[in-house]
>>> print(open('input.pdb').read())   # PDB, C-alpha atoms
MODEL        1
ATOM      1  CA  MET A   1     -34.980  62.525 -22.699
ATOM      2  CA  SER A   2     -37.464  60.296 -20.992
ATOM      3  CA  ASP A   3     -35.295  57.222 -21.507
ATOM      4  CA  LYS A   4     -32.306  58.876 -19.753
ATOM      5  CA  ASN A   5     -34.347  59.676 -16.698
ATOM      6  CA  ASP A   6     -35.556  56.103 -16.442
ATOM      7  CA  ILE A   7     -31.955  54.812 -16.548
ATOM      8  CA  VAL A   8     -30.872  57.217 -13.755
ATOM      9  CA  ASN A   9     -33.819  56.385 -11.533
ATOM     10  CA  LYS A  10     -33.170  52.697 -11.956
ATOM     11  CA  GLY A  11     -29.529  53.078 -10.841
ATOM     12  CA  ASP A  12     -30.534  55.108  -7.810
ATOM     13  CA  ARG A  13     -32.990  52.501  -6.756
ATOM     14  CA  ASN A  14     -30.324  49.790  -6.939
ATOM     15  CA  LYS A  15     -28.057  51.837  -4.685
ATOM     16  CA  ILE A  16     -30.856  52.369  -2.208
ATOM     17  CA  TYR A  17     -31.593  48.650  -2.125
ATOM     18  CA  PHE A  18     -27.894  47.898  -1.538
ATOM     19  CA  LEU A  19     -27.709  50.408   1.279
ATOM     20  CA  ILE A  20     -30.804  48.939   2.850
ATOM     21  CA  VAL A  21     -29.267  45.440   2.710
ATOM     22  CA  VAL A  22     -25.991  46.682   4.217
ATOM     23  CA  ILE A  23     -27.801  48.539   6.994
ATOM     24  CA  ALA A  24     -29.925  45.482   7.724
ATOM     25  CA  ALA A  25     -26.793  43.318   7.872
ATOM     26  CA  LEU A  26     -25.126  45.740  10.255
ATOM     27  CA  ILE A  27     -28.188  45.863  12.456
ATOM     28  CA  GLY A  28     -28.385  42.039  12.507
ATOM     29  CA  THR A  29     -24.704  41.748  13.333
ATOM     30  CA  ASN A  30     -24.979  44.257  16.154
ATOM     31  CA  LEU A  31     -28.096  42.567  17.456
ATOM     32  CA  TYR A  32     -26.319  39.182  17.451
ATOM     33  CA  LEU A  33     -23.303  40.601  19.200
ATOM     34  CA  TYR A  34     -25.520  42.325  21.778
ATOM     35  CA  ILE A  35     -27.516  39.190  22.481
ATOM     36  CA  LYS A  36     -24.308  37.137  22.729
ATOM     37  CA  ASP A  37     -22.780  39.676  25.100
ATOM     38  CA  GLU A  38     -25.905  39.713  27.227
ATOM     39  CA  ARG A  39     -25.898  35.943  27.408
ATOM     40  CA  GLN A  40     -22.238  35.841  28.435
ATOM     41  CA  THR A  41     -22.805  38.593  30.993
ATOM     42  CA  GLY A  42     -25.817  36.747  32.363
ATOM     43  CA  ARG A  43     -23.896  33.512  32.511
ATOM     44  CA  PHE A  44     -21.026  35.245  34.318
ATOM     45  CA  VAL A  45     -23.430  36.856  36.784
ATOM     46  CA  SER A  46     -25.152  33.512  37.318
ATOM     47  CA  ILE A  47     -21.840  31.773  38.030
ATOM     48  CA  ASN A  48     -20.773  34.498  40.447
ATOM     49  CA  THR A  49     -24.115  34.293  42.243
ATOM     50  CA  GLU A  50     -23.824  30.526  42.565
ATOM     51  CA  LYS A  51     -20.239  30.930  43.741
ATOM     52  CA  ASP A  52     -21.366  33.291  46.517
ATOM     53  CA  ARG A  53     -24.169  30.904  47.451
ATOM     54  CA  LEU A  54     -21.723  28.002  47.656
ATOM     55  CA  LYS A  55     -19.385  30.080  49.854
ATOM     56  CA  LEU A  56     -22.263  30.803  52.222
ATOM     57  CA  GLU A  57     -23.298  27.155  52.241
ATOM     58  CA  ILE A  58     -19.747  26.035  53.069
ATOM     59  CA  GLU A  59     -19.588  28.536  55.911
ATOM     60  CA  LYS A  60     -22.857  27.152  57.295
ATOM     61  CA  ILE A  61     -21.450  23.613  57.103
ATOM     62  CA  GLU A  62     -18.326  24.733  58.974
ATOM     63  CA  VAL A  63     -20.475  26.347  61.662
ATOM     64  CA  GLU A  64     -22.364  23.066  62.083
ATOM     65  CA  LEU A  65     -19.073  21.240  62.611
ATOM     66  CA  ASP A  66     -17.989  23.840  65.172
ATOM     67  CA  LYS A  67     -21.267  23.344  67.059
ATOM     68  CA  VAL A  68     -20.513  19.735  67.934
ATOM     69  CA  ASN A  69     -16.967  20.679  68.925
ATOM     70  CA  ASN A  70     -18.339  23.208  71.405
ATOM     71  CA  ILE A  71     -19.868  20.427  73.514
ATOM     72  CA  ASN A  72     -16.293  19.500  74.578
ATOM     73  CA  MET A  73     -16.678  15.783  74.011
ATOM     74  CA  VAL A  74     -13.773  13.466  73.248
ATOM     75  CA  LEU A  75     -14.459  11.829  69.886
ATOM     76  CA  SER A  76     -13.543   8.319  68.883
ATOM     77  CA  LYS A  77     -10.714   7.965  66.350
ATOM     78  CA  LYS A  78     -13.225   7.129  63.604
ATOM     79  CA  LEU A  79     -15.344  10.228  64.250
ATOM     80  CA  GLN A  80     -12.259  12.435  64.579
ATOM     81  CA  ASP A  81     -10.883  11.132  61.267
ATOM     82  CA  GLU A  82     -14.246  11.809  59.606
ATOM     83  CA  GLN A  83     -14.314  15.354  60.947
ATOM     84  CA  ASP A  84     -10.728  16.003  59.823
ATOM     85  CA  SER A  85     -11.664  14.759  56.348
ATOM     86  CA  ALA A  86     -14.676  17.104  56.245
ATOM     87  CA  ARG A  87     -12.584  20.093  57.281
ATOM     88  CA  LYS A  88     -10.006  19.237  54.616
ATOM     89  CA  LYS A  89     -12.754  19.156  51.969
ATOM     90  CA  ILE A  90     -14.110  22.496  53.232
ATOM     91  CA  ALA A  91     -10.637  24.050  52.881
ATOM     92  CA  GLU A  92     -10.314  22.687  49.327
ATOM     93  CA  LEU A  93     -13.715  24.063  48.297
ATOM     94  CA  LYS A  94     -12.955  27.464  49.821
ATOM     95  CA  LEU A  95      -9.677  27.627  47.909
ATOM     96  CA  ALA A  96     -11.355  26.608  44.644
ATOM     97  CA  LEU A  97     -14.039  29.302  45.062
ATOM     98  CA  GLU A  98     -11.424  31.965  45.821
ATOM     99  CA  LYS A  99      -9.334  31.238  42.704
ATOM    100  CA  GLY A 100     -11.616  33.241  40.365
ATOM    101  CA  VAL A 101     -14.208  32.579  37.702
ATOM    102  CA  LEU A 102     -15.415  28.990  37.666
ATOM    103  CA  THR A 103     -16.340  27.102  34.547
ATOM    104  CA  GLN A 104     -19.767  25.600  34.297
ATOM    105  CA  GLN A 105     -18.245  22.148  34.821
ATOM    106  CA  ASN A 106     -16.293  23.338  37.883
ATOM    107  CA  LEU A 107     -19.485  24.827  39.247
ATOM    108  CA  VAL A 108     -21.438  21.593  38.787
ATOM    109  CA  THR A 109     -18.649  19.623  40.492
ATOM    110  CA  ALA A 110     -18.514  22.094  43.398
ATOM    111  CA  GLN A 111     -22.283  21.953  43.825
ATOM    112  CA  LYS A 112     -22.161  18.166  43.974
ATOM    113  CA  GLU A 113     -19.317  18.195  46.531
ATOM    114  CA  VAL A 114     -21.138  20.708  48.714
ATOM    115  CA  ARG A 115     -24.300  18.563  48.685
ATOM    116  CA  GLU A 116     -22.264  15.495  49.667
ATOM    117  CA  LEU A 117     -20.438  17.470  52.339
ATOM    118  CA  ARG A 118     -23.711  18.813  53.761
ATOM    119  CA  GLU A 119     -25.122  15.291  54.007
ATOM    120  CA  PHE A 120     -21.888  13.969  55.502
ATOM    121  CA  VAL A 121     -21.762  16.691  58.186
ATOM    122  CA  LYS A 122     -25.421  16.088  59.012
ATOM    123  CA  ILE A 123     -24.785  12.374  59.601
ATOM    124  CA  HIS A 124     -21.532  13.118  61.451
ATOM    125  CA  ASN A 125     -23.231  15.561  63.822
ATOM    126  CA  GLU A 126     -26.084  13.140  64.454
ATOM    127  CA  GLN A 127     -23.552  10.456  65.399
ATOM    128  CA  VAL A 128     -21.699  12.837  67.720
ATOM    129  CA  LEU A 129     -24.897  14.007  69.408
ATOM    130  CA  GLN A 130     -26.094  10.417  69.781
ATOM    131  CA  LEU A 131     -22.743   9.503  71.317
ATOM    132  CA  ARG A 132     -23.036  12.468  73.693
ATOM    133  CA  LYS A 133     -26.554  11.364  74.633
ATOM    134  CA  GLU A 134     -25.293   7.841  75.345
ATOM    135  CA  ASN A 135     -22.369   9.227  77.366
ATOM    136  CA  LEU A 136     -24.744  11.377  79.438
ATOM    137  CA  ALA A 137     -26.933   8.334  80.045
ATOM    138  CA  LEU A 138     -23.896   6.303  81.110
ATOM    139  CA  LYS A 139     -22.724   9.146  83.354
ATOM    140  CA  SER A 140     -26.173   9.307  84.914
ATOM    141  CA  GLN A 141     -26.094   5.549  85.508
ATOM    142  CA  ARG A 142     -22.583   5.801  86.933
ATOM    143  CA  ASP A 143     -23.611   8.632  89.252
ATOM    144  CA  SER A 144     -26.659   6.648  90.337
ATOM    145  CA  LEU A 145     -24.478   3.628  91.016
ATOM    146  CA  LYS A 146     -22.045   5.826  92.968
ATOM    147  CA  GLU A 147     -24.883   7.227  95.047
ATOM    148  CA  PHE A 148     -26.279   3.740  95.575
ATOM    149  CA  ALA A 149     -22.839   2.408  96.515
ATOM    150  CA  TYR A 150     -22.288   5.338  98.865
ATOM    151  CA  ALA A 151     -25.700   4.796 100.467
ATOM    152  CA  GLU A 152     -25.033   1.062 100.794
ATOM    153  CA  SER A 153     -21.577   1.760 102.186
ATOM    154  CA  ALA A 154     -23.080   4.168 104.713
ATOM    155  CA  LYS A 155     -25.674   1.545 105.623
ATOM    156  CA  ALA A 156     -22.937  -1.081 105.961
ATOM    157  CA  GLU A 157     -20.879   1.236 108.162
ATOM    158  CA  THR A 158     -23.905   2.031 110.304
ATOM    159  CA  LEU A 159     -24.754  -1.657 110.530
ATOM    160  CA  ALA A 160     -21.145  -2.541 111.359
ATOM    161  CA  LYS A 161     -21.113   0.140 114.049
ATOM    162  CA  LYS A 162     -24.374  -1.159 115.489
ATOM    163  CA  ASN A 163     -23.063  -4.713 115.335
ATOM    164  CA  ALA A 164     -19.868  -3.643 117.086
ATOM    165  CA  GLU A 165     -21.918  -1.868 119.747
ATOM    166  CA  LEU A 166     -24.173  -4.889 120.074
ATOM    167  CA  ASN A 167     -21.182  -7.231 120.275
ATOM    168  CA  ALA A 168     -19.642  -4.989 122.918
ATOM    169  CA  LYS A 169     -22.900  -5.062 124.873
ATOM    170  CA  VAL A 170     -23.144  -8.819 124.484
ATOM    171  CA  LYS A 171     -19.509  -9.190 125.504
ATOM    172  CA  THR A 172     -20.082  -6.955 128.508
ATOM    173  CA  SER A 173     -23.243  -8.812 129.411
ATOM    174  CA  ALA A 174     -21.475 -12.146 129.031
ATOM    175  CA  ALA A 175     -18.547 -11.155 131.256
ATOM    176  CA  LEU A 176     -18.358 -12.808 134.677
ATOM    177  CA  LYS A 177     -19.315 -10.678 137.690
ATOM    178  CA  ALA A 178     -18.235 -11.474 141.234
ATOM    179  CA  ALA A 179     -20.527 -11.331 144.264
ATOM    180  CA  ASN A 180     -19.812 -11.385 147.975
ATOM    181  CA  VAL A 181     -16.161 -10.418 147.439
ATOM    182  CA  GLN A 182     -14.241 -10.587 150.725
ATOM    183  CA  VAL A 183     -10.556 -10.227 151.608
ATOM    184  CA  PHE A 184      -8.894 -12.003 154.547
ATOM    185  CA  ALA A 185      -5.356 -11.747 155.928
ATOM    186  CA  TYR A 186      -3.581 -14.860 157.164
ATOM    187  CA  ARG A 187      -0.483 -15.848 159.050
ATOM    188  CA  VAL A 188       0.968 -19.121 157.820
ATOM    189  CA  LYS A 189       2.270 -21.445 160.499
ATOM    190  CA  SER A 190       5.245 -23.692 159.980
ATOM    191  CA  ASN A 191       2.939 -26.651 159.538
ATOM    192  CA  GLY A 192       1.159 -24.842 156.719
ATOM    193  CA  LYS A 193      -1.951 -23.977 158.675
ATOM    194  CA  ASN A 194      -3.514 -20.529 157.954
ATOM    195  CA  ILE A 195      -4.415 -18.350 160.893
ATOM    196  CA  GLU A 196      -6.585 -15.307 160.162
ATOM    197  CA  VAL A 197      -5.046 -12.056 161.468
ATOM    198  CA  THR A 198      -5.825  -8.353 161.407
ATOM    199  CA  ARG A 199      -2.359  -6.966 162.086
ATOM    200  CA  ALA A 200       0.067  -6.059 159.337
ATOM    201  CA  SER A 201       3.015  -7.270 161.347
ATOM    202  CA  THR A 202       1.698 -10.850 161.480
ATOM    203  CA  ALA A 203       0.047 -11.097 158.079
ATOM    204  CA  LYS A 204       1.772 -13.062 155.348
ATOM    205  CA  LYS A 205      -0.853 -13.518 152.678
ATOM    206  CA  LEU A 206      -4.249 -12.278 151.466
ATOM    207  CA  SER A 207      -7.107 -14.541 150.403
ATOM    208  CA  VAL A 208      -9.833 -13.182 148.144
ATOM    209  CA  LYS A 209     -13.064 -15.177 148.367
ATOM    210  CA  PHE A 210     -16.010 -14.675 145.986
ATOM    211  CA  ASN A 211     -18.710 -16.412 144.064
ATOM    212  CA  ILE A 212     -19.966 -15.707 140.497
ATOM    213  CA  VAL A 213     -23.263 -14.005 139.740
ATOM    214  CA  PRO A 214     -25.429 -16.390 137.648
ATOM    215  CA  ASN A 215     -25.275 -15.309 134.025
ATOM    216  CA  PRO A 216     -26.967 -17.285 131.219
ATOM    217  CA  LEU A 217     -24.949 -15.317 128.642
ATOM    218  CA  ALA A 218     -21.595 -16.256 130.161
ATOM    219  CA  ASP A 219     -19.570 -18.923 128.440
ATOM    220  CA  ILE A 220     -19.587 -22.163 130.444
ATOM    221  CA  ASN A 221     -15.888 -22.763 130.166
ATOM    222  CA  TYR A 222     -12.541 -21.869 131.698
ATOM    223  CA  HIS A 223     -12.075 -18.157 132.476
ATOM    224  CA  LYS A 224      -8.883 -16.439 133.547
ATOM    225  CA  ILE A 225      -9.189 -14.180 136.597
ATOM    226  CA  PHE A 226      -6.733 -11.335 137.208
ATOM    227  CA  LEU A 227      -6.125  -9.753 140.621
ATOM    228  CA  ARG A 228      -4.719  -6.287 141.281
ATOM    229  CA  ILE A 229      -3.699  -5.293 144.832
ATOM    230  CA  PHE A 230      -2.968  -1.719 145.912
ATOM    231  CA  ASP A 231      -1.091  -1.021 149.164
ATOM    232  CA  PRO A 232      -2.165   1.668 151.688
ATOM    233  CA  VAL A 233      -0.055   4.266 149.847
ATOM    234  CA  GLY A 234      -1.916   3.509 146.605
ATOM    235  CA  ASN A 235       0.890   1.708 144.815
ATOM    236  CA  LEU A 236       0.056  -1.283 142.674
ATOM    237  CA  ILE A 237       1.858  -4.385 143.865
ATOM    238  CA  ALA A 238       2.781  -6.151 140.657
ATOM    239  CA  ASN A 239       5.559  -7.528 138.533
ATOM    240  CA  GLU A 240       6.031  -5.219 135.535
ATOM    241  CA  SER A 241       6.099  -8.207 133.180
ATOM    242  CA  ASN A 242       2.576  -9.271 134.220
ATOM    243  CA  MET A 243       0.374  -7.534 131.655
ATOM    244  CA  PHE A 244      -3.249  -8.008 130.566
ATOM    245  CA  GLU A 245      -5.998  -5.984 128.881
ATOM    246  CA  ALA A 246      -9.239  -4.924 130.503
ATOM    247  CA  ASP A 247     -11.692  -2.043 130.240
ATOM    248  CA  GLY A 248     -10.104  -1.015 126.955
ATOM    249  CA  GLN A 249      -6.560  -0.580 128.221
ATOM    250  CA  GLU A 250      -3.445  -2.582 128.969
ATOM    251  CA  MET A 251      -2.403  -2.822 132.614
ATOM    252  CA  GLN A 252      -0.334  -4.800 135.112
ATOM    253  CA  TYR A 253      -1.722  -7.413 137.464
ATOM    254  CA  THR A 254      -0.606  -8.783 140.839
ATOM    255  CA  SER A 255      -1.738 -12.379 140.436
ATOM    256  CA  SER A 256      -3.926 -14.530 138.176
ATOM    257  CA  THR A 257      -5.717 -17.869 138.180
ATOM    258  CA  THR A 258      -8.037 -19.874 135.980
ATOM    259  CA  ILE A 259     -11.468 -21.072 137.066
ATOM    260  CA  LEU A 260     -14.063 -23.333 135.473
ATOM    261  CA  TYR A 261     -17.406 -21.568 135.306
ATOM    262  CA  ASN A 262     -20.462 -23.877 135.322
ATOM    263  CA  ASP A 263     -23.151 -21.355 136.292
ATOM    264  CA  ASP A 264     -23.598 -23.335 139.497
ATOM    265  CA  SER A 265     -23.015 -20.652 142.213
ATOM    266  CA  ALA A 266     -19.673 -22.196 143.177
ATOM    267  CA  HIS A 267     -17.310 -20.336 145.550
ATOM    268  CA  TYR A 268     -13.798 -19.397 144.526
ATOM    269  CA  THR A 269     -10.655 -18.325 146.375
ATOM    270  CA  MET A 270      -7.522 -16.538 145.154
ATOM    271  CA  ASP A 271      -4.476 -16.512 147.487
ATOM    272  CA  TRP A 272      -1.619 -14.082 147.226
ATOM    273  CA  VAL A 273       1.537 -14.324 149.346
ATOM    274  CA  ASN A 274       3.245 -10.990 149.907
ATOM    275  CA  PRO A 275       6.986 -11.286 149.202
ATOM    276  CA  ASN A 276       7.503  -8.185 151.377
ATOM    277  CA  PRO A 277       6.230  -7.256 154.851
ATOM    278  CA  PHE A 278       2.711  -5.793 155.034
ATOM    279  CA  ILE A 279       2.321  -2.221 156.255
ATOM    280  CA  LYS A 280      -0.504  -0.766 158.272
ATOM    281  CA  GLY A 281      -3.473   0.607 156.426
ATOM    282  CA  ASP A 282      -6.085  -0.262 153.825
ATOM    283  CA  TYR A 283      -5.318  -2.709 151.023
ATOM    284  CA  SER A 284      -7.623  -2.527 147.994
ATOM    285  CA  ILE A 285      -8.169  -5.345 145.528
ATOM    286  CA  ILE A 286      -9.823  -5.423 142.088
ATOM    287  CA  LEU A 287     -10.818  -8.577 140.204
ATOM    288  CA  TYR A 288     -11.031  -8.759 136.401
ATOM    289  CA  ALA A 289     -12.471 -11.368 134.046
ATOM    290  CA  ASP A 290     -13.209 -11.467 130.303
ATOM    291  CA  GLY A 291     -11.703  -7.999 129.802
ATOM    292  CA  PHE A 292     -13.918  -6.228 132.358
ATOM    293  CA  THR A 293     -13.922  -5.355 136.005
ATOM    294  CA  MET A 294     -15.333  -8.283 137.928
ATOM    295  CA  GLY A 295     -15.514  -7.001 141.489
ATOM    296  CA  LYS A 296     -13.810  -4.973 144.265
ATOM    297  CA  ALA A 297     -13.079  -5.243 147.980
ATOM    298  CA  SER A 298     -10.656  -3.990 150.651
ATOM    299  CA  ILE A 299      -9.133  -4.959 153.977
ATOM    300  CA  THR A 300      -7.647  -2.900 156.807
ATOM    301  CA  LEU A 301      -4.543  -4.110 158.601
ATOM    302  CA  ARG A 302      -3.698  -2.572 161.953
TER     303      ARG A 302
ENDMDL
END
>>> encode(input="input.pdb", output="structure tokens")
Amino acid sequence: MSDKNDIVNKGDRNKIYFLIVVIAALIGTNLYLYIKDERQTGRFVSINTEKDRLKLEIEKIEVELDKVNNINMVLSKKLQDEQDSARKKIAELKLALEKGVLTQQNLVTAQKEVRELREFVKIHNEQVLQLRKENLALKSQRDSLKEFAYAESAKAETLAKKNAELNAKVKTSAALKAANVQVFAYRVKSNGKNIEVTRASTAKKLSVKFNIVPNPLADINYHKIFLRIFDPVGNLIANESNMFEADGQEMQYTSSTTILYNDDSAHYTMDWVNPNPFIKGDYSIILYADGFTMGKASITLR
């Protein structure tokens, strides 16, 4: 009886041991599968987190590129090509990150490209900003040169104006001036002798006598003298083809002559024969030399 019980107990123990082994195996398998699943889940979460970080980093890089574009500066072809290349790379990375789950190798490659892109954009922006700084410096120099040129031009204009005024004053000061201007009327006899008269009916010509005021500024040389005669009515007696310029305007003259000025107080005479009969009244004469009025006088014929 005792032997049968021992056999039964021994069989039960074997079953219990087997069950324990099976349970342990199941627990180990489940534990392995759980750990594996957790690792895969963690890896997936890690990749997604890195993907989001890379997206944010790319967006930051794009913002940095936009910053230099906002300064509205024209880039050189080299810098523009570099920027276009960077934007192309940004678009490629964005597309790769939007396609879905990245492999570990894809992730490593993307991380490397983003680092290179970040460094490239940093250098690119530094070059653009340095170029802008140089352009501003050149603009400042250009503006300074413009201001300097304008100031110098204004000075030159002022100086030219002063020189013109000075030359005008010198020219005026150097012009000959007549003194002791007198007008005489003469009748001319058949033998050529001049007889002074006071009547219009007997007068044939007028003689204007004058001497020159000493002037150290006047040019010791030949000077042309112009004479204008106005009749008692106020009409200028002149040939319309006889033109000259004086006192800033062009006008007609009655007669002209040339004298040699030696600054020696010499006396001069200008004769004018009237082609028409004289009329009663006052005749006025004006002398001009060197573009200015030289002297005036008048005579009354009865």
>>> closest_residue(input="input.pdb", among="A:Thr293, A:Ser298, A:Thr258, A:Gln83", to="His223 (chain A)", atoms="only C-alpha atoms")
A:Thr258
>>> residues_around(input="input.pdb", residues="Ser255 (chain A)", least_positions_apart="4", cutoff="9 Å", atoms="all atoms listed in the file", output="count of residues only")
11
>>> atom_distance(input="input.pdb", atom1="CA of Gly295 (chain A)", atom2="CA of Pro277 (chain A)")
25.5 Å
>>> closest_residue(input="input.pdb", among="A:Val273, A:Val183, A:Ile220, A:Leu145", to="Leu260 (chain A)", atoms="only C-alpha atoms")
A:Ile220
>>> atom_distance(input="input.pdb", atom1="CA of Lys193 (chain A)", atom2="CA of Asn180 (chain A)")
24.3 Å
>>> resolve_selection(input="input.pdb", expression="the PyMOL selection byres ((chain A and resi 278-283) around 7)", output="ChimeraX atom specification")
/A:200-201,203,229-232,276-277,284-285,298-302
>>> residues_around(input="input.pdb", residues="Phe292 (chain A)", least_positions_apart="2", cutoff="10 Å", atoms="all atoms listed in the file", output="PDB file with C-alpha atoms, in the coordinates of the input")
ATOM      1  CA  LYS A 171     -19.509  -9.190 125.504  1.00  0.00           C
ATOM      2  CA  THR A 172     -20.082  -6.955 128.508  1.00  0.00           C
ATOM      3  CA  ALA A 175     -18.547 -11.155 131.256  1.00  0.00           C
ATOM      4  CA  LEU A 176     -18.358 -12.808 134.677  1.00  0.00           C
ATOM      5  CA  LYS A 177     -19.315 -10.678 137.690  1.00  0.00           C
ATOM      6  CA  GLU A 245      -5.998  -5.984 128.881  1.00  0.00           C
ATOM      7  CA  ALA A 246      -9.239  -4.924 130.503  1.00  0.00           C
ATOM      8  CA  ASP A 247     -11.692  -2.043 130.240  1.00  0.00           C
ATOM      9  CA  GLY A 248     -10.104  -1.015 126.955  1.00  0.00           C
ATOM     10  CA  LEU A 287     -10.818  -8.577 140.204  1.00  0.00           C
ATOM     11  CA  TYR A 288     -11.031  -8.759 136.401  1.00  0.00           C
ATOM     12  CA  ALA A 289     -12.471 -11.368 134.046  1.00  0.00           C
ATOM     13  CA  ASP A 290     -13.209 -11.467 130.303  1.00  0.00           C
ATOM     14  CA  MET A 294     -15.333  -8.283 137.928  1.00  0.00           C
ATOM     15  CA  GLY A 295     -15.514  -7.001 141.489  1.00  0.00           C
TER      16      GLY A 295
END
>>> residues_around(input="input.pdb", residues="Ile61 (chain A)", least_positions_apart="2", cutoff="10 Å", atoms="only C-alpha atoms", output="tab-separated table (two decimals) with C-alpha atoms, keeping the file's coordinate frame")
chain	number	residue	atom	x	y	z
A	55	LYS	CA	-19.39	30.08	49.85
A	56	LEU	CA	-22.26	30.80	52.22
A	57	GLU	CA	-23.30	27.16	52.24
A	58	ILE	CA	-19.75	26.04	53.07
A	59	GLU	CA	-19.59	28.54	55.91
A	63	VAL	CA	-20.48	26.35	61.66
A	64	GLU	CA	-22.36	23.07	62.08
A	65	LEU	CA	-19.07	21.24	62.61
A	66	ASP	CA	-17.99	23.84	65.17
A	67	LYS	CA	-21.27	23.34	67.06
A	86	ALA	CA	-14.68	17.10	56.24
A	87	ARG	CA	-12.58	20.09	57.28
A	90	ILE	CA	-14.11	22.50	53.23
A	114	VAL	CA	-21.14	20.71	48.71
A	117	LEU	CA	-20.44	17.47	52.34
A	118	ARG	CA	-23.71	18.81	53.76
A	119	GLU	CA	-25.12	15.29	54.01
A	120	PHE	CA	-21.89	13.97	55.50
A	121	VAL	CA	-21.76	16.69	58.19
A	122	LYS	CA	-25.42	16.09	59.01
>>> closest_residue(input="input.pdb", among="A:His267, A:Lys133, A:Lys162, A:Arg142", to="Val213 (chain A)", atoms="all atoms listed in the file")
A:His267
>>> resolve_selection(input="input.pdb", expression="the PyMOL selection byres ((chain A and resi 264) around 12)", output="list in words")
Asn211, Ile212, Val213, Pro214, Asn215, Pro216, Ala218, Ile220, Leu260, Tyr261, Asn262, Asp263, Ser265, Ala266, His267 and Tyr268 of chain A
>>> atom_distance(input="input.pdb", atom1="CA of Ile123 (chain A)", atom2="CA of Ala91 (chain A)")
19.5 Å
>>> resolve_selection(input="input.pdb", expression="the PyMOL selection byres ((chain A and resi 196) around 7)", output="ChimeraX atom specification")
/A:184-187,194-195,197
